[in-house]
$ cat run39.cif   # mmCIF, C-alpha atoms
data_protein
#
loop_
_atom_site.label_atom_id
_atom_site.label_comp_id
_atom_site.auth_asym_id
_atom_site.auth_seq_id
_atom_site.Cartn_x
_atom_site.Cartn_y
_atom_site.Cartn_z
CA MET A 16 12.42 4.11 3.97
CA GLY A 17 10.88 7.03 5.84
CA ILE A 18 9.83 6.90 9.46
CA LYS A 19 6.12 6.96 8.53
CA ASN A 20 6.48 3.86 6.33
CA LYS A 21 8.39 2.06 9.07
CA ILE A 22 5.65 2.83 11.59
CA ALA A 23 2.95 1.73 9.14
CA ASN A 24 4.75 -1.54 8.36
CA ASN A 25 5.08 -2.33 12.04
CA LEU A 26 1.51 -1.36 12.91
CA LYS A 27 -0.11 -3.47 10.20
CA ASN A 28 1.57 -6.59 11.58
CA ILE A 29 1.12 -6.10 15.33
CA ILE A 30 -2.54 -7.13 15.58
CA GLY A 31 -3.71 -10.61 14.68
CA LYS A 32 -2.80 -14.24 15.14
CA SER A 33 0.91 -14.95 15.53
CA VAL A 34 2.66 -18.11 14.34
CA LYS A 35 6.04 -19.58 15.27
CA GLN A 36 6.90 -20.87 11.81
CA ARG A 37 7.70 -18.58 8.87
CA TYR A 38 4.94 -19.20 6.33
CA LEU A 39 4.85 -17.64 2.87
CA ILE A 40 1.60 -17.54 0.89
CA ILE A 41 1.00 -16.04 -2.54
CA GLU A 42 -2.64 -15.21 -3.22
CA SER A 43 -3.05 -14.54 -6.93
CA ASP A 44 -6.44 -13.15 -7.97
CA ASP A 45 -8.57 -13.22 -11.12
CA TRP A 46 -7.80 -16.62 -12.68
CA GLY A 47 -10.61 -17.85 -14.93
CA SER A 48 -12.03 -14.41 -15.67
CA ILE A 49 -12.12 -12.59 -18.98
CA ARG A 50 -10.40 -9.22 -18.97
CA MET A 51 -9.26 -8.16 -22.44
CA PRO A 52 -9.99 -10.68 -25.22
CA SER A 53 -7.27 -9.53 -27.62
CA VAL A 54 -4.89 -6.75 -28.60
CA GLU A 55 -7.26 -5.94 -31.48
CA ALA A 56 -10.20 -5.55 -29.08
CA TYR A 57 -8.12 -3.23 -26.89
CA ASP A 58 -7.12 -1.09 -29.89
CA ARG A 59 -10.72 -0.80 -31.10
CA LEU A 60 -11.95 0.24 -27.65
CA LYS A 61 -9.13 2.75 -27.27
CA SER A 62 -9.86 4.21 -30.71
CA LYS A 63 -13.39 4.96 -29.49
CA ASN A 64 -11.93 7.01 -26.63
CA LEU A 65 -13.15 4.53 -24.06
CA ASN A 66 -11.29 4.69 -20.77
CA VAL A 67 -9.25 1.50 -21.12
CA GLY A 68 -5.76 2.97 -20.99
CA LYS A 69 -5.84 5.19 -17.91
CA GLY A 70 -5.71 4.70 -14.17
CA GLU A 71 -5.25 1.46 -12.27
CA GLY A 72 -7.32 -0.46 -14.82
CA ALA A 73 -4.88 0.36 -17.62
CA ARG A 74 -2.32 -2.33 -16.83
CA TYR A 75 -5.06 -4.97 -16.64
CA ASN A 76 -6.62 -3.98 -19.96
CA GLN A 77 -3.21 -3.89 -21.64
CA THR A 78 -1.90 -7.21 -20.28
CA ASP A 79 -4.58 -9.36 -18.63
CA THR A 80 -6.56 -12.12 -20.31
CA LEU A 81 -7.32 -15.82 -19.88
CA ALA A 82 -4.10 -17.76 -19.22
CA SER A 83 -2.83 -19.96 -22.04
CA SER A 84 -1.07 -23.31 -21.71
CA GLU A 85 2.20 -21.50 -22.39
CA ASP A 86 1.49 -19.03 -19.57
CA PHE A 87 0.94 -21.93 -17.18
CA GLU A 88 3.94 -23.91 -18.37
CA MET A 89 6.33 -21.01 -17.86
CA LEU A 90 4.80 -20.05 -14.49
CA PHE A 91 5.02 -23.63 -13.23
CA ASP A 92 8.67 -23.83 -14.32
CA VAL A 93 9.47 -20.91 -11.99
CA LEU A 94 7.40 -22.28 -9.09
CA LYS A 95 8.97 -25.77 -9.34
CA LYS A 96 12.43 -24.22 -9.28
CA HIS A 97 11.98 -22.90 -5.72
CA LYS A 98 11.46 -25.37 -2.87
CA ASP A 99 11.21 -24.71 0.85
CA HIS A 100 13.19 -26.59 3.51
CA LEU A 101 10.60 -29.38 3.46
CA GLY A 102 10.97 -29.83 -0.29
CA ASN A 103 7.65 -28.19 -1.18
CA PRO A 104 7.59 -26.01 -4.31
CA MET A 105 6.16 -22.51 -4.21
CA VAL A 106 2.41 -22.73 -4.73
CA PHE A 107 -0.03 -20.10 -5.95
CA THR A 108 -3.35 -19.87 -4.13
CA ALA A 109 -5.25 -19.12 -7.34
CA VAL A 110 -8.20 -16.98 -6.25
CA SER A 111 -10.41 -17.74 -9.23
CA VAL A 112 -13.85 -17.41 -10.75
CA VAL A 113 -15.71 -20.29 -12.37
CA ALA A 114 -17.85 -18.50 -14.97
CA ASN A 115 -18.07 -15.64 -17.43
CA PRO A 116 -21.08 -14.04 -19.16
CA ASP A 117 -22.58 -15.91 -22.10
CA PHE A 118 -22.59 -12.89 -24.39
CA ALA A 119 -24.57 -14.56 -27.19
CA LYS A 120 -27.47 -15.63 -24.96
CA ILE A 121 -27.56 -12.25 -23.20
CA GLU A 122 -27.76 -10.46 -26.56
CA ASP A 123 -30.44 -12.89 -27.78
CA SER A 124 -32.55 -11.93 -24.75
CA LYS A 125 -32.15 -8.26 -25.72
CA PHE A 126 -30.29 -7.75 -22.41
CA LYS A 127 -33.35 -8.74 -20.38
CA GLU A 128 -31.78 -11.92 -18.99
CA TYR A 129 -28.36 -12.75 -17.60
CA HIS A 130 -26.71 -16.01 -18.69
CA PHE A 131 -23.29 -17.42 -17.82
CA GLU A 132 -20.96 -20.16 -19.05
CA PRO A 133 -18.32 -22.14 -17.12
CA PHE A 134 -14.86 -20.64 -17.64
CA THR A 135 -13.81 -23.93 -19.23
CA GLU A 136 -16.26 -23.14 -22.05
CA THR A 137 -14.81 -19.63 -22.32
CA LEU A 138 -11.36 -21.20 -22.78
CA LYS A 139 -12.72 -23.25 -25.67
CA ARG A 140 -14.11 -20.10 -27.32
CA TYR A 141 -10.71 -18.49 -26.92
CA ASN A 142 -9.03 -21.55 -28.50
CA ARG A 143 -7.20 -22.16 -25.21
CA GLU A 144 -8.82 -25.48 -24.34
CA SER A 145 -5.35 -26.99 -23.77
CA ALA A 146 -4.99 -24.74 -20.70
CA ILE A 147 -7.64 -26.78 -18.84
CA GLU A 148 -5.16 -29.63 -18.39
CA PHE A 149 -2.69 -27.22 -16.79
CA TRP A 150 -5.27 -26.27 -14.16
CA LYS A 151 -5.52 -29.97 -13.30
CA HIS A 152 -1.75 -30.50 -13.47
CA GLY A 153 -1.10 -27.51 -11.21
CA ILE A 154 -3.44 -28.94 -8.56
CA GLU A 155 -1.87 -32.40 -8.77
CA GLU A 156 1.67 -31.04 -8.48
CA ASN A 157 0.79 -28.60 -5.65
CA LEU A 158 1.82 -25.61 -7.75
CA PHE A 159 -1.58 -24.02 -8.34
CA HIS A 160 -4.43 -24.36 -5.86
CA PRO A 161 -7.71 -22.74 -7.00
CA GLU A 162 -9.95 -21.12 -4.39
CA PHE A 163 -13.14 -19.05 -4.79
CA HIS A 164 -13.30 -15.46 -6.07
CA GLY A 165 -17.01 -15.54 -6.89
CA ARG A 166 -18.93 -17.03 -9.80
CA GLU A 167 -17.92 -14.11 -12.05
CA HIS A 168 -15.60 -11.14 -11.64
CA LEU A 169 -18.56 -8.98 -12.64
CA ASN A 170 -21.41 -7.11 -10.98
CA THR A 171 -23.93 -8.82 -13.21
CA GLN A 172 -27.05 -6.86 -12.27
CA VAL A 173 -25.52 -3.37 -12.51
CA TRP A 174 -23.92 -4.37 -15.83
CA LEU A 175 -27.17 -5.77 -17.22
CA ARG A 176 -29.13 -2.67 -16.25
CA MET A 177 -26.55 -0.46 -17.95
CA LEU A 178 -26.85 -2.57 -21.10
CA GLN A 179 -30.63 -2.18 -20.95
CA LYS A 180 -30.11 1.59 -20.80
CA ASN A 181 -28.01 1.39 -23.99
CA ASP A 182 -25.00 2.92 -22.27
CA GLU A 183 -22.59 3.66 -25.11
CA HIS A 184 -19.37 2.61 -23.36
CA THR A 185 -20.86 -0.53 -21.86
CA LEU A 186 -22.32 -1.63 -25.19
CA ALA A 187 -19.04 -1.02 -27.02
CA ALA A 188 -17.17 -3.23 -24.55
CA PHE A 189 -19.95 -5.85 -24.73
CA LYS A 190 -19.49 -6.10 -28.51
CA GLU A 191 -15.82 -6.88 -27.88
CA GLY A 192 -16.74 -9.55 -25.32
CA CYS A 193 -15.60 -7.71 -22.19
CA TRP A 194 -16.65 -5.25 -19.51
CA GLY A 195 -13.48 -4.07 -17.74
CA ILE A 196 -13.80 -0.40 -18.61
CA ASN A 197 -14.23 2.62 -16.38
CA ALA A 198 -17.88 3.33 -17.14
CA ASP A 199 -18.49 6.66 -15.41
CA LYS A 200 -22.29 6.49 -15.45
CA THR A 201 -22.84 3.49 -13.21
CA PRO A 202 -25.04 4.06 -10.14
CA PHE A 203 -23.02 5.27 -7.14
CA GLY A 204 -19.85 4.80 -9.17
CA ILE A 205 -19.97 1.00 -8.89
CA ASN A 206 -17.12 -0.70 -10.73
CA TYR A 207 -18.28 -3.56 -12.96
CA GLN A 208 -15.40 -5.68 -11.63
CA ALA A 209 -16.76 -5.42 -8.05
CA ALA A 210 -19.10 -8.41 -8.20
CA PHE A 211 -20.65 -7.87 -4.76
CA ASP A 212 -20.89 -4.10 -4.58
CA LEU A 213 -24.49 -3.18 -3.93
CA GLU A 214 -26.67 -0.76 -5.85
CA SER A 215 -29.72 -1.79 -3.82
CA LYS A 216 -30.44 -4.40 -1.16
CA ASN A 217 -32.85 -5.85 -3.70
CA ASP A 218 -29.79 -7.33 -5.41
CA LEU A 219 -28.75 -9.37 -2.36
CA PRO A 220 -30.84 -12.48 -3.26
CA LEU A 221 -29.26 -12.57 -6.73
CA GLN A 222 -25.79 -12.17 -5.24
CA GLU A 223 -26.54 -14.99 -2.81
CA GLU A 224 -27.66 -17.21 -5.67
CA SER A 225 -24.43 -16.49 -7.54
CA ILE A 226 -22.46 -17.66 -4.51
CA VAL A 227 -24.51 -20.86 -4.19
CA SER A 228 -24.34 -21.76 -7.88
CA GLY A 229 -20.71 -20.60 -8.12
CA LEU A 230 -19.55 -22.85 -5.29
CA GLN A 231 -21.43 -25.80 -6.80
CA LEU A 232 -19.79 -25.16 -10.17
CA PHE A 233 -16.38 -24.81 -8.48
CA GLU A 234 -16.73 -28.32 -7.04
CA THR A 235 -17.92 -29.72 -10.38
CA ILE A 236 -14.93 -28.26 -12.24
CA HIS A 237 -12.15 -28.84 -9.72
CA GLY A 238 -13.36 -31.94 -7.90
CA TYR A 239 -13.22 -30.48 -4.37
CA LYS A 240 -15.05 -27.85 -2.34
CA ALA A 241 -13.57 -24.37 -2.07
CA GLU A 242 -12.63 -23.42 1.49
CA PHE A 243 -11.30 -19.90 0.96
CA PHE A 244 -13.15 -16.92 -0.54
CA VAL A 245 -11.98 -13.44 -1.54
CA PRO A 246 -14.70 -11.02 -2.80
CA PRO A 247 -13.63 -9.38 -6.10
CA ASN A 248 -12.33 -5.82 -5.62
CA GLY A 249 -13.32 -5.91 -1.93
CA PRO A 250 -16.94 -4.71 -1.59
CA PHE A 251 -19.12 -7.37 0.04
CA ASN A 252 -22.23 -7.20 2.19
CA ASN A 253 -21.66 -9.41 5.23
CA ASN A 254 -25.22 -10.78 5.10
CA LEU A 255 -23.84 -12.98 2.30
CA GLU A 256 -21.36 -14.70 4.60
CA LYS A 257 -24.01 -17.23 5.63
CA ALA A 258 -24.33 -18.46 2.03
CA THR A 259 -20.57 -18.93 1.79
CA LYS A 260 -20.60 -20.89 5.05
CA VAL A 261 -23.36 -23.21 3.85
CA GLY A 262 -21.38 -23.70 0.63
CA GLY A 263 -18.29 -24.86 2.48
CA ILE A 264 -16.22 -21.67 2.87
CA LYS A 265 -14.18 -21.72 6.09
CA TYR A 266 -11.86 -18.76 5.49
CA ILE A 267 -12.56 -15.30 4.06
CA GLY A 268 -9.97 -12.91 2.68
CA ALA A 269 -10.71 -9.43 3.97
CA SER A 270 -9.14 -6.00 4.03
CA LYS A 271 -8.08 -4.76 7.42
CA VAL A 272 -10.62 -1.96 6.90
CA GLN A 273 -13.65 -3.27 5.01
CA LEU A 274 -16.10 -0.82 3.46
CA GLU A 275 -19.27 -2.93 3.59
CA PRO A 276 -21.82 -1.74 0.98
CA GLN A 277 -25.34 -1.19 2.27
CA GLY A 278 -26.95 -0.09 -1.00
CA GLU A 279 -27.83 3.39 -2.25
CA GLY A 280 -24.18 4.43 -1.95
CA ARG A 281 -23.97 3.85 1.80
CA VAL A 282 -21.17 1.88 3.47
CA LYS A 283 -20.25 0.67 6.94
CA LYS A 284 -16.69 0.32 8.16
CA ARG A 285 -15.71 -3.07 9.49
CA TYR A 286 -12.30 -3.84 10.98
CA HIS A 287 -10.60 -7.20 10.52
CA TYR A 288 -7.42 -8.93 11.65
CA LEU A 289 -5.73 -12.22 10.91
CA GLY A 290 -7.47 -15.04 12.78
CA GLN A 291 -10.61 -13.07 13.64
CA LYS A 292 -13.83 -15.09 13.46
CA ASN A 293 -17.28 -14.03 12.32
CA LYS A 294 -20.61 -15.17 13.80
CA HIS A 295 -20.63 -18.20 11.50
CA GLY A 296 -17.28 -19.42 12.81
CA GLN A 297 -15.42 -18.49 9.62
CA THR A 298 -11.88 -17.16 9.97
CA TYR A 299 -10.68 -13.95 8.32
CA LEU A 300 -7.32 -13.96 6.56
CA THR A 301 -5.63 -10.65 5.75
CA ARG A 302 -2.82 -9.76 3.36
CA ASN A 303 0.29 -7.91 4.46
CA ALA A 304 2.55 -7.98 1.39
CA PHE A 305 2.17 -6.92 -2.23
CA PHE A 306 3.89 -7.95 -5.45
CA GLU A 307 2.68 -6.38 -8.69
CA PRO A 308 5.77 -6.25 -10.93
CA ASN A 309 3.93 -4.97 -14.01
CA ALA A 310 2.77 -1.87 -12.11
CA PRO A 311 5.21 0.95 -12.86
CA GLY A 312 7.07 3.18 -10.45
CA LYS A 313 8.37 0.74 -7.84
CA ASP A 314 11.08 -1.84 -7.24
CA TRP A 315 8.61 -4.58 -6.45
CA VAL A 316 11.16 -7.20 -5.42
CA SER A 317 12.70 -4.93 -2.77
CA SER A 318 9.31 -3.64 -1.68
CA CYS A 319 7.85 -7.12 -1.24
CA LEU A 320 10.94 -8.37 0.60
CA ASN A 321 10.48 -5.46 2.97
CA ASP A 322 6.83 -6.43 3.51
CA ILE A 323 7.92 -10.01 4.26
CA HIS A 324 10.59 -8.80 6.68
CA TYR A 325 8.05 -6.94 8.82
CA ALA A 326 5.60 -9.84 8.72
CA PHE A 327 8.23 -12.26 10.02
CA LYS A 328 9.52 -9.70 12.51
CA TRP A 329 6.11 -9.80 14.23
CA ASN A 330 5.69 -13.57 13.87
CA LYS A 331 3.03 -13.23 11.21
CA PRO A 332 2.71 -15.27 8.02
CA ALA A 333 3.66 -13.30 4.91
CA VAL A 334 0.53 -13.23 2.74
CA ILE A 335 1.38 -11.75 -0.65
CA SER A 336 -1.18 -10.27 -3.03
CA SER A 337 -0.11 -10.75 -6.67
CA HIS A 338 -2.65 -10.60 -9.51
CA ARG A 339 -2.79 -12.84 -12.59
CA THR A 340 -2.05 -9.87 -14.85
CA ASN A 341 1.65 -10.03 -13.92
CA TYR A 342 2.13 -13.47 -15.48
CA ILE A 343 0.16 -13.35 -18.76
CA GLY A 344 1.86 -13.17 -22.15
CA ALA A 345 -0.98 -13.54 -24.66
CA LEU A 346 -1.41 -9.78 -25.07
CA ASN A 347 2.19 -8.82 -24.36
CA ILE A 348 4.98 -11.42 -24.18
CA ASP A 349 7.30 -8.95 -22.47
CA ASN A 350 4.76 -8.61 -19.65
CA ARG A 351 5.00 -12.32 -18.82
CA LYS A 352 8.78 -12.27 -19.15
CA LEU A 353 9.05 -9.37 -16.70
CA GLY A 354 6.63 -10.87 -14.17
CA LEU A 355 8.27 -14.29 -14.12
CA GLU A 356 11.76 -12.84 -13.94
CA LYS A 357 10.82 -10.71 -10.93
CA LEU A 358 8.99 -13.64 -9.29
CA ASP A 359 12.10 -15.77 -9.76
CA ASN A 360 14.24 -13.04 -8.19
CA LEU A 361 11.84 -12.63 -5.29
CA LEU A 362 11.71 -16.33 -4.42
CA THR A 363 15.48 -16.71 -4.77
CA GLU A 364 16.03 -13.92 -2.27
CA VAL A 365 13.34 -15.22 0.11
CA LEU A 366 15.04 -18.61 0.36
CA LYS A 367 18.41 -16.93 0.80
CA ARG A 368 17.23 -14.68 3.66
CA TRP A 369 14.83 -17.11 5.36
CA PRO A 370 15.97 -20.69 4.59
CA ASP A 371 13.47 -22.11 7.11
CA VAL A 372 10.47 -20.62 5.29
CA GLU A 373 7.53 -22.88 4.38
CA PHE A 374 5.38 -22.45 1.26
CA ILE A 375 1.68 -23.12 1.94
CA THR A 376 -1.75 -22.25 0.55
CA SER A 377 -4.29 -19.90 2.10
CA SER A 378 -6.55 -22.76 3.16
CA GLU A 379 -3.58 -24.45 4.86
CA LEU A 380 -2.84 -21.19 6.65
CA GLY A 381 -6.47 -21.01 7.73
CA LYS A 382 -6.25 -24.47 9.25
CA LYS A 383 -3.07 -23.61 11.12
CA ILE A 384 -4.33 -20.39 12.70
CA SER A 385 -7.92 -21.47 13.40
CA GLY A 386 -6.94 -24.55 15.38
#

$ encode --input "run39.cif" --output "structure tokens"
Amino acid sequence: MGIKNKIANNLKNIIGKSVKQRYLIIESDDWGSIRMPSVEAYDRLKSKNLNVGKGEGARYNQTDTLASSEDFEMLFDVLKKHKDHLGNPMVFTAVSVVANPDFAKIEDSKFKEYHFEPFTETLKRYNRESAIEFWKHGIEENLFHPEFHGREHLNTQVWLRMLQKNDEHTLAAFKEGCWGINADKTPFGINYQAAFDLESKNDLPLQEESIVSGLQLFETIHGYKAEFFVPPNGPFNNNLEKATKVGGIKYIGASKVQLEPQGEGRVKKRYHYLGQKNKHGQTYLTRNAFFEPNAPGKDWVSSCLNDIHYAFKWNKPAVISSHRTNYIGALNIDNRKLGLEKLDNLLTEVLKRWPDVEFITSSELGKKISG
């Protein structure tokens, strides 16, 4: 490792709340959201020269979709295999959405109205209804703890306006039941996946409503209130924090440098650190480790172990970012095999190097550092 990387790894862990115990948290984003419905849908979109196979979005479009019962069963087998010194298995903080677009109703309205369906209904349409029981089982066994990623992983208003404009790429993806393409004509370059990016401040009331209804639906589906929230893709106007507070959110996942959208392409820089509080008394949690084994070009086990080393060196919890895409086999069985094998290797080495480590969720971390 070069001197610059060593300095960066030290610097990113100096500021923020310190803890005596070694805590390991895996925050895994995107559960519940549609990405690519099928291999056939991907092939049809690619044949139309849509940008589904290039850039950072490529690995998601090639591998990521709603988790099946088999995906859950194999993931849980790996998590149960690794227990901390207190006997707790590794647990995923599943940063998840609770709804997806209702494509049929939106099309019936001629794209004038937005409609959504609970993700449990989406699973039924995908013939993956059996996966719903695994969500419940994961919660009961402390292997899989859902928290809030927004109602949808979609900027609904920007998407709807692009459909109304008959944007060719957006319509082609819509017909396949998805949106995760790099549409290059969106206003101010807004990514459809960035649910809370802001074309105009006029969209703030609709974004607030999605938070309110999303948190209510979360409680209906899972049987408890979400306490932790991570905005999809990062962009988030902080005026919306009040709505999350009213809805029960105590902890917010934030980048150390947040680019807060103001509308019309303008942003403000906000700086965050672990344990920082906002004006509503909510606590910010920040990530300091990354594990994306299906992303090419890196030894992710060694890299993540290095991230964990520097976190523990500075008495910080190791908070790992690891997206759902790494553990899904419906589109590519080898993708799931690789992700689970590397996760198994990572956890084996963690317990070998730091036998006193404790596996906890993000909301448990929030409680510990906020007093």

$ resolve_selection --input "run39.cif" --expression "the PyMOL selection byres ((chain A and resi 56) around 12)" --output "PDB file with C-alpha atoms, in the coordinates of the input"
ATOM      1  CA  ARG A  50     -10.400  -9.220 -18.970  1.00  0.00           C
ATOM      2  CA  MET A  51      -9.260  -8.160 -22.440  1.00  0.00           C
ATOM      3  CA  PRO A  52      -9.990 -10.680 -25.220  1.00  0.00           C
ATOM      4  CA  SER A  53      -7.270  -9.530 -27.620  1.00  0.00           C
ATOM      5  CA  VAL A  54      -4.890  -6.750 -28.600  1.00  0.00           C
ATOM      6  CA  GLU A  55      -7.260  -5.940 -31.480  1.00  0.00           C
ATOM      7  CA  TYR A  57      -8.120  -3.230 -26.890  1.00  0.00           C
ATOM      8  CA  ASP A  58      -7.120  -1.090 -29.890  1.00  0.00           C
ATOM      9  CA  ARG A  59     -10.720  -0.800 -31.100  1.00  0.00           C
ATOM     10  CA  LEU A  60     -11.950   0.240 -27.650  1.00  0.00           C
ATOM     11  CA  LYS A  61      -9.130   2.750 -27.270  1.00  0.00           C
ATOM     12  CA  SER A  62      -9.860   4.210 -30.710  1.00  0.00           C
ATOM     13  CA  LYS A  63     -13.390   4.960 -29.490  1.00  0.00           C
ATOM     14  CA  LEU A  65     -13.150   4.530 -24.060  1.00  0.00           C
ATOM     15  CA  VAL A  67      -9.250   1.500 -21.120  1.00  0.00           C
ATOM     16  CA  ASN A  76      -6.620  -3.980 -19.960  1.00  0.00           C
ATOM     17  CA  GLN A  77      -3.210  -3.890 -21.640  1.00  0.00           C
ATOM     18  CA  THR A  80      -6.560 -12.120 -20.310  1.00  0.00           C
ATOM     19  CA  ALA A 187     -19.040  -1.020 -27.020  1.00  0.00           C
ATOM     20  CA  ALA A 188     -17.170  -3.230 -24.550  1.00  0.00           C
ATOM     21  CA  PHE A 189     -19.950  -5.850 -24.730  1.00  0.00           C
ATOM     22  CA  LYS A 190     -19.490  -6.100 -28.510  1.00  0.00           C
ATOM     23  CA  GLU A 191     -15.820  -6.880 -27.880  1.00  0.00           C
ATOM     24  CA  GLY A 192     -16.740  -9.550 -25.320  1.00  0.00           C
ATOM     25  CA  CYS A 193     -15.600  -7.710 -22.190  1.00  0.00           C
ATOM     26  CA  TRP A 194     -16.650  -5.250 -19.510  1.00  0.00           C
ATOM     27  CA  GLY A 195     -13.480  -4.070 -17.740  1.00  0.00           C
ATOM     28  CA  LEU A 346      -1.410  -9.780 -25.070  1.00  0.00           C
TER      29      LEU A 346
END

$ closest_atom_pairs --input "run39.cif" --of "region 249-302 of chain A" --to "region 165-180 of chain A" --cutoff "12 Å" --atoms "only C-alpha atoms" --output "Markdown table"
| residue | atom | partner | partner_atom | distance |
| --- | --- | --- | --- | --- |
| A:Gly249 | CA | A:His168 | CA | 11.3 |
| A:Pro250 | CA | A:Asn170 | CA | 10.7 |
| A:Phe251 | CA | A:Gly165 | CA | 10.9 |
| A:Leu255 | CA | A:Gly165 | CA | 11.7 |
| A:Ala258 | CA | A:Gly165 | CA | 11.9 |
| A:Thr259 | CA | A:Gly165 | CA | 10.0 |
| A:Gly262 | CA | A:Gly165 | CA | 11.9 |
| A:Ile264 | CA | A:Gly165 | CA | 11.6 |
| A:Ile267 | CA | A:Gly165 | CA | 11.8 |

$ closest_residue --input "run39.cif" --among "A:Lys151, A:Lys284, A:His164, A:Lys383" --to "Leu230 (chain A)" --atoms "all atoms listed in the file"
A:His164

$ closest_residue --input "run39.cif" --among "A:Ala119, A:Ala109, A:Leu380, A:Val93" --to "Glu162 (chain A)" --atoms "all atoms listed in the file"
A:Ala109

$ closest_atom_pairs --input "run39.cif" --of "region 217-255 of chain A" --to "region 199-212 of chain A" --cutoff "12 Å" --atoms "all atoms listed in the file" --output "Markdown table"
| residue | atom | partner | partner_atom | distance |
| --- | --- | --- | --- | --- |
| A:Asp218 | CA | A:Phe211 | CA | 9.2 |
| A:Leu219 | CA | A:Phe211 | CA | 8.6 |
| A:Pro220 | CA | A:Phe211 | CA | 11.3 |
| A:Leu221 | CA | A:Phe211 | CA | 10.0 |
| A:Gln222 | CA | A:Phe211 | CA | 6.7 |
| A:Glu223 | CA | A:Phe211 | CA | 9.4 |
| A:Glu224 | CA | A:Phe211 | CA | 11.7 |
| A:Ser225 | CA | A:Ala210 | CA | 9.7 |
| A:Ile226 | CA | A:Phe211 | CA | 10.0 |
| A:Val245 | CA | A:Phe211 | CA | 10.8 |
| A:Pro246 | CA | A:Phe211 | CA | 7.0 |
| A:Pro247 | CA | A:Ala209 | CA | 5.4 |
| A:Asn248 | CA | A:Ala209 | CA | 5.1 |
| A:Gly249 | CA | A:Ala209 | CA | 7.0 |
| A:Pro250 | CA | A:Asp212 | CA | 5.0 |
| A:Phe251 | CA | A:Phe211 | CA | 5.1 |
| A:Asn252 | CA | A:Phe211 | CA | 7.2 |
| A:Asn253 | CA | A:Phe211 | CA | 10.2 |
| A:Asn254 | CA | A:Phe211 | CA | 11.3 |
| A:Leu255 | CA | A:Phe211 | CA | 9.3 |

$ resolve_selection --input "run39.cif" --expression "the PyMOL selection byres ((chain A and resi 359) around 10)" --output "ChimeraX atom specification"
/A:90,92-94,96-97,316,353-358,360-365

$ closest_residue --input "run39.cif" --among "A:His237, A:Tyr38, A:Tyr75, A:Gln231" --to "Gly153 (chain A)" --atoms "all atoms listed in the file"
A:His237

$ residues_around --input "run39.cif" --residues "Ile335 (chain A)" --least-positions-apart "2" --cutoff "7 Å" --atoms "all atoms listed in the file" --output "list in words"
Ile40, Ile41, Glu42, Arg302, Asn303, Ala304, Phe305, Phe306, Ala333 and Ser337 of chain A

$ residues_around --input "run39.cif" --residues "region 293-297 of chain A" --least-positions-apart "4" --cutoff "8 Å" --atoms "only C-alpha atoms" --output "list in words"
Glu256, Lys257, Lys260, Ile264, Lys265, Tyr266 and Ile267 of chain A

$ resolve_selection --input "run39.cif" --expression "the PyMOL selection byres ((chain A and resi 100) around 12)" --output "ChimeraX atom specification"
/A:36-38,97-99,101-105,365-367,369-374

$ residues_near_point --input "run39.cif" --point "(-4.8, -20.6, -3.6)" --cutoff "6 Å" --atoms "all atoms listed in the file" --output "compact mmCIF listing (two decimals) with C-alpha atoms, in the frame of the given file"
# COMPACT_ATOMS: atom_id res chain seq x y z
CA GLU A 42 -2.64 -15.21 -3.22
CA PHE A 107 -0.03 -20.10 -5.95
CA THR A 108 -3.35 -19.87 -4.13
CA ALA A 109 -5.25 -19.12 -7.34
CA VAL A 110 -8.20 -16.98 -6.25
CA HIS A 160 -4.43 -24.36 -5.86
CA PRO A 161 -7.71 -22.74 -7.00
CA GLU A 162 -9.95 -21.12 -4.39
CA THR A 376 -1.75 -22.25 0.55
CA SER A 377 -4.29 -19.90 2.10

$ build_atoms --input "run39.cif" --residues "region 273-281 of chain A" --atoms "N, CA and C atoms" --output "tab-separated table (two decimals), keeping the file's coordinate frame"
chain	number	residue	atom	x	y	z
A	273	GLN	N	-12.67	-2.90	6.04
A	273	GLN	CA	-13.65	-3.27	5.01
A	273	GLN	C	-14.72	-2.19	4.93
A	274	LEU	N	-14.99	-1.74	3.71
A	274	LEU	CA	-16.10	-0.82	3.46
A	274	LEU	C	-17.28	-1.67	2.98
A	275	GLU	N	-18.17	-2.03	3.89
A	275	GLU	CA	-19.27	-2.93	3.59
A	275	GLU	C	-20.41	-2.17	2.93
A	276	PRO	N	-20.75	-2.48	1.65
A	276	PRO	CA	-21.82	-1.74	0.98
A	276	PRO	C	-23.19	-2.07	1.56
A	277	GLN	N	-23.99	-1.03	1.73
A	277	GLN	CA	-25.34	-1.19	2.27
A	277	GLN	C	-26.42	-0.93	1.22
A	278	GLY	N	-26.00	-0.50	0.04
A	278	GLY	CA	-26.95	-0.09	-1.00
A	278	GLY	C	-27.16	1.41	-0.97
A	279	GLU	N	-27.57	1.94	-2.12
A	279	GLU	CA	-27.83	3.39	-2.25
A	279	GLU	C	-26.60	4.24	-1.94
A	280	GLY	N	-25.42	3.69	-2.15
A	280	GLY	CA	-24.18	4.43	-1.95
A	280	GLY	C	-23.68	4.48	-0.52
A	281	ARG	N	-24.37	3.83	0.40
A	281	ARG	CA	-23.97	3.85	1.80
A	281	ARG	C	-23.04	2.68	2.13
